[in-house]
Protein chains: 2
Amino acid sequence: MDAISFARGIPAPECLPVAELAECAKAVLERDGSVVLSYGSTLGYAPLREWLAERHGVEPGRVLVTNGSLQAFHFVLEVLGGEGRVLVERPTYDRPLKILSTAGVEVGEVAVDEDGLDVDELERTLEGPHAAFLYTIPTFQNPTGSTLSEERRRRLAEIARVRALPVLEDDPYGLVRFEGEALPSVFELEGGVNVIYSSSFSKTIAPGLRVGYAIVPASFTPELEDLVASTYITPALLAQATVYEFLRRDLFEPNLERVRGLLGARRDAMLEALDRELSGRARWNRPEGGYFLWLELPESVDASALLPRAAEAGLTFVAGVDFGGAPSSARLAFSFVSPTEIDEGVRRLARLMAATPARV
Amino acid sequence: MDAISFARGIPAPECLPVAELAECAKAVLERDGSVVLSYGSTLGYAPLREWLAERHGVEPGRVLVTNGSLQAFHFVLEVLGGEGRVLVERPTYDRPLKILSTAGVEVGEVAVDEDGLDVDELERTLEGPHAAFLYTIPTFQNPTGSTLSEERRRRLAEIARVRALPVLEDDPYGLVRFEGEALPSVFELEGGVNVIYSSSFSKTIAPGLRVGYAIVPASFTPELEDLVASTYITPALLAQATVYEFLRRDLFEPNLERVRGLLGARRDAMLEALDRELSGRARWNRPEGGYFLWLELPESVDASALLPRAAEAGLTFVAGVDFGGAPSSARLAFSFVSPTEIDEGVRRLARLMAATPARV
């Protein structure tokens, strides 16, 4: 029996536009090979920076294209860290937590609920010790899948503005929306003075390309140039140029539509199966996009303790505690496995739950 | 008048095998796209790791392929640093110096002469405070172009073995040899127990690809997996897979021959022009390969002070002090400009020198 992975927060192989990217890589090397194959583009491949600048309504000088957006997190931490705590969501993406812990940075947590970051709690937290910056994923958050409401976005933008609180708004999933209206980014609402926006093409084209980016204040760029040059001299330009060619050929929007269709069907399959199998025995949310939903098991259940038996039953997921969440919570990724596998995976989960004493 | 750059230690555009790489990128995406475009290959693209393992006679598990070898330096520093000084050559490649300084690591210097690292001085230095590791570029060193003699290689390997001194042997230029017999690496002589070997395809295929690698002790790989995953999750696989395809198609050796021919002619042009223009007024070495030669001006001349006038005269180079060298020294790169430009550049340098009071 093959293990069904609700753990892997990565796109299914069928989401990857392999043939198109093969053409794009060849074409852009033929057209602009001597730039792509040389040093020099410290802050990223210039045509891609220009495309992103236009998309986000900023000067190209404010766009930093990195080897994935986690690398951008490192650079932002170097520029903004050093004074005071870094505020993060509880729960949040585990890799930044680990980076902060390794760097010995003090972390302050602010809860996330159905409507995203609890802005009231943020305000109370800001009364405490100085915060270097806030790291937030407002849309289809990793791990919860929850989305910051428009009202809270406006309040967060206001807080950033009034208190000059630096905010790193990480938005890798925003474009992977299956339904509902897109909300304005905190970056847009605030005007991009204190809010840095980061995203990537990992979820919209392919993660292995490692093309992430950040829109930073223009004043950051000299320090970032130094940091980049001291880290890897020049980013991975072949991937960046290939992404640019993909955009230039107008392949991005059709690909996004295809990805939305594929992943939306997976979310639907997961919701249907959960309704059928676990209604009344657990709670979960209904994200309008992204890769994940958040499962809350009865409080008496320790999700981590379920994992070995889940593995035996051919199922993997990530316990919520890995993201700083409650012991009874779990992250279910619907991005990687097919609707049929999702259905079977939820059945396995339900059988596992049935064998577990629980009170809801 | 266009400025002639003896500063840029990068290959001339005509060294870059653009058309071949365009074919390779397309072919490898078509053949192995779902691996190349996904997460997962933390330590590098597996077929490339296997190729490198075979070339260096080690297990693939010991090969780490990174986004350029400077990134490998960061990782090695994280694993080996922390206790004691890092020993470097005087002069040495400026980027590692900067990284060490930013990281607040204490540095110990060991002189380099015509025959490379002064091994006697190294032994004396090792009597002092504990050394975390030694960073050395034994072949066609940056910045001097000098090469560690075979006798010294054997002594360095012996020192590493007897004292269990970790050594990072950086060898980006070794294959770019125009004449003479290749010498065994310190890594080979020592057996790869204490010596880590790093290199890249920046000088043998193309720098913009950012494909570097290190051969590390097997005991390092768990920590390296964690470090890589926390830094950029997965390296730039498209470039790594493209390099692999280039190797697989047996394009590497012919390309290397072509690059050796192009760069050897440039070194010859520089040596000829120096003989003609500066004989008796300065000293320089005759590297058998690589990108650089080392110019020693009369001791009364401050090479940094020459730079503004050099720029006015349409010439750039890097002063030796930038690498920790003597104020009267300079690094001349012959890799980037054509033989004709090299000839003209040396003429400009000679005119500049003639206008400078000097004693040899």
# chains A, B, ... in the order shown; residues from 1 in each chain; ligands from 1

$ select_by_dssp --residues "range 76-322 of chain B" --states "strand (DSSP E or B)" --output "ChimeraX atom specification"
/B:85-90,107-113,116-117,131-136,167-170,177,195-200,211-215,279,282-284,289,292-296,315-316,318-319

$ residues_around --residues "Phe220 in chain B" --least-positions-apart "3" --cutoff "12 Å" --atoms "only C-alpha atoms" --output "list in words"
Leu43, Gly61, Arg62, Val63, Leu64, Phe75, Val76, Leu77, Glu78, Val79, Leu80, Val193, Asn194, Ile196, Ala214, Ile215, Val216, Pro217, Glu223, Leu224, Glu225, Asp226 and Leu227 of chain B

$ select_by_dssp --residues "range 215-250 of chain A" --states "helix (DSSP H, G or I)" --output "CSV table (one decimal) with N, CA and C atoms, in the first residue's frame"
chain,number,residue,atom,x,y,z
A,218,ALA,N,13.4,51.3,-1.4
A,218,ALA,CA,14.6,51.6,-2.2
A,218,ALA,C,15.8,51.7,-1.3
A,219,SER,N,15.6,52.2,-0.1
A,219,SER,CA,16.8,52.4,0.8
A,219,SER,C,17.5,51.1,1.1
A,220,PHE,N,16.8,50.0,1.0
A,220,PHE,CA,17.5,48.7,1.3
A,220,PHE,C,18.5,48.2,0.3
A,221,THR,N,18.3,48.7,-1.0
A,221,THR,CA,19.0,48.0,-2.0
A,221,THR,C,20.5,48.0,-1.9
A,222,PRO,N,21.2,49.1,-1.5
A,222,PRO,CA,22.6,49.0,-1.4
A,222,PRO,C,23.1,47.9,-0.4
A,223,GLU,N,22.4,47.8,0.7
A,223,GLU,CA,22.8,46.7,1.7
A,223,GLU,C,22.5,45.3,1.1
A,224,LEU,N,21.4,45.2,0.4
A,224,LEU,CA,21.0,43.9,-0.2
A,224,LEU,C,22.0,43.5,-1.3
A,225,GLU,N,22.5,44.5,-2.1
A,225,GLU,CA,23.5,44.2,-3.1
A,225,GLU,C,24.7,43.6,-2.4
A,226,ASP,N,25.1,44.2,-1.3
A,226,ASP,CA,26.3,43.6,-0.6
A,226,ASP,C,26.0,42.2,-0.1
A,227,LEU,N,24.9,42.1,0.5
A,227,LEU,CA,24.5,40.8,1.1
A,227,LEU,C,24.5,39.7,0.0
A,228,VAL,N,23.8,40.0,-1.1
A,228,VAL,CA,23.7,39.0,-2.2
A,228,VAL,C,25.1,38.6,-2.7
A,229,ALA,N,25.9,39.7,-3.0
A,229,ALA,CA,27.2,39.4,-3.5
A,229,ALA,C,28.1,38.6,-2.6
A,230,SER,N,27.9,38.8,-1.3
A,230,SER,CA,28.7,38.0,-0.3
A,230,SER,C,28.1,36.6,-0.1
A,231,THR,N,26.9,36.4,-0.5
A,231,THR,CA,26.2,35.1,-0.3
A,231,THR,C,26.4,34.2,-1.5
A,237,LEU,N,20.4,32.7,-12.5
A,237,LEU,CA,19.8,33.5,-13.6
A,237,LEU,C,19.1,32.6,-14.6
A,238,LEU,N,19.5,31.4,-14.9
A,238,LEU,CA,18.9,30.6,-15.9
A,238,LEU,C,17.4,30.4,-15.5
A,239,ALA,N,17.2,30.0,-14.3
A,239,ALA,CA,15.8,29.8,-13.9
A,239,ALA,C,15.0,31.1,-13.9
A,240,GLN,N,15.6,32.2,-13.5
A,240,GLN,CA,14.9,33.5,-13.6
A,240,GLN,C,14.6,33.9,-15.0
A,241,ALA,N,15.5,33.7,-15.9
A,241,ALA,CA,15.3,34.1,-17.3
A,241,ALA,C,14.2,33.2,-17.9
A,242,THR,N,14.2,31.9,-17.5
A,242,THR,CA,13.2,31.0,-18.0
A,242,THR,C,11.8,31.4,-17.5
A,243,VAL,N,11.7,31.8,-16.3
A,243,VAL,CA,10.4,32.3,-15.8
A,243,VAL,C,10.0,33.6,-16.6
A,244,TYR,N,11.0,34.5,-16.8
A,244,TYR,CA,10.7,35.7,-17.6
A,244,TYR,C,10.1,35.3,-18.9
A,245,GLU,N,10.8,34.3,-19.6
A,245,GLU,CA,10.3,33.9,-20.9
A,245,GLU,C,8.9,33.4,-20.9
A,246,PHE,N,8.6,32.6,-19.8
A,246,PHE,CA,7.3,32.0,-19.6
A,246,PHE,C,6.3,33.2,-19.5
A,247,LEU,N,6.6,34.2,-18.8
A,247,LEU,CA,5.7,35.3,-18.6
A,247,LEU,C,5.5,36.1,-19.9
A,248,ARG,N,6.7,36.3,-20.6
A,248,ARG,CA,6.7,37.1,-21.9
A,248,ARG,C,5.8,36.4,-22.9

$ closest_residue --among "A:Ala3, A:Cys15, A:Met270, A:Ala157" --to "Pro254 in chain A" --atoms "only C-alpha atoms"
A:Cys15

$ closest_residue --among "B:Arg161, B:Ser185, B:Arg210, B:Leu48" --to "chain A" --atoms "only C-alpha atoms"
B:Arg210

$ closest_atom_pairs --of "chain A" --to "chain B" --cutoff "8 Å" --atoms "only C-alpha atoms" --output "tab-separated table"
residue	atom	partner	partner_atom	distance
A:Ile10	CA	B:Tyr39	CA	7.6
A:Pro13	CA	B:Ser34	CA	5.9
A:Leu16	CA	B:Ser34	CA	7.1
A:Val18	CA	B:Gly33	CA	5.6
A:Ala19	CA	B:Glu30	CA	6.3
A:Leu21	CA	B:Leu29	CA	7.5
A:Ala22	CA	B:Lys26	CA	4.4
A:Glu23	CA	B:Lys26	CA	6.2
A:Ala25	CA	B:Ala25	CA	6.1
A:Lys26	CA	B:Ala22	CA	4.4
A:Ala27	CA	B:Ala22	CA	7.2
A:Leu29	CA	B:Ala22	CA	5.3
A:Glu30	CA	B:Ala22	CA	6.2
A:Gly33	CA	B:Val18	CA	5.6
A:Ser34	CA	B:Pro13	CA	5.9
A:Val35	CA	B:Gly208	CA	7.9
A:Val36	CA	B:Gly208	CA	5.9
A:Leu37	CA	B:Gly208	CA	3.9
A:Ser38	CA	B:Gly208	CA	4.1
A:Tyr39	CA	B:Gly208	CA	5.2
A:Asn67	CA	B:Tyr232	CA	6.6
A:Gly68	CA	B:Tyr232	CA	6.2
A:Ser69	CA	B:Tyr232	CA	7.9
A:Leu70	CA	B:Tyr232	CA	5.8
A:Gln71	CA	B:Tyr232	CA	5.5
A:His74	CA	B:Thr231	CA	7.5
A:Arg95	CA	B:Ser230	CA	6.2
A:Pro96	CA	B:Ser230	CA	8.0
A:Lys98	CA	B:Ser230	CA	7.3
A:Ile99	CA	B:Ser230	CA	6.4
A:Ala206	CA	B:Leu37	CA	5.5
A:Pro207	CA	B:Ser38	CA	5.3
A:Gly208	CA	B:Leu37	CA	3.9
A:Leu209	CA	B:Leu37	CA	5.7
A:Arg210	CA	B:Ala236	CA	6.1
A:Ser230	CA	B:Arg95	CA	6.2
A:Thr231	CA	B:Gln71	CA	6.0
A:Tyr232	CA	B:Gln71	CA	5.5
A:Ile233	CA	B:Leu70	CA	7.7
A:Thr234	CA	B:Gly208	CA	7.0
A:Pro235	CA	B:Arg210	CA	7.3
A:Ala236	CA	B:Arg210	CA	6.1
A:Leu237	CA	B:Gly208	CA	6.3
A:Leu238	CA	B:Ala239	CA	6.5
A:Ala239	CA	B:Leu238	CA	6.5
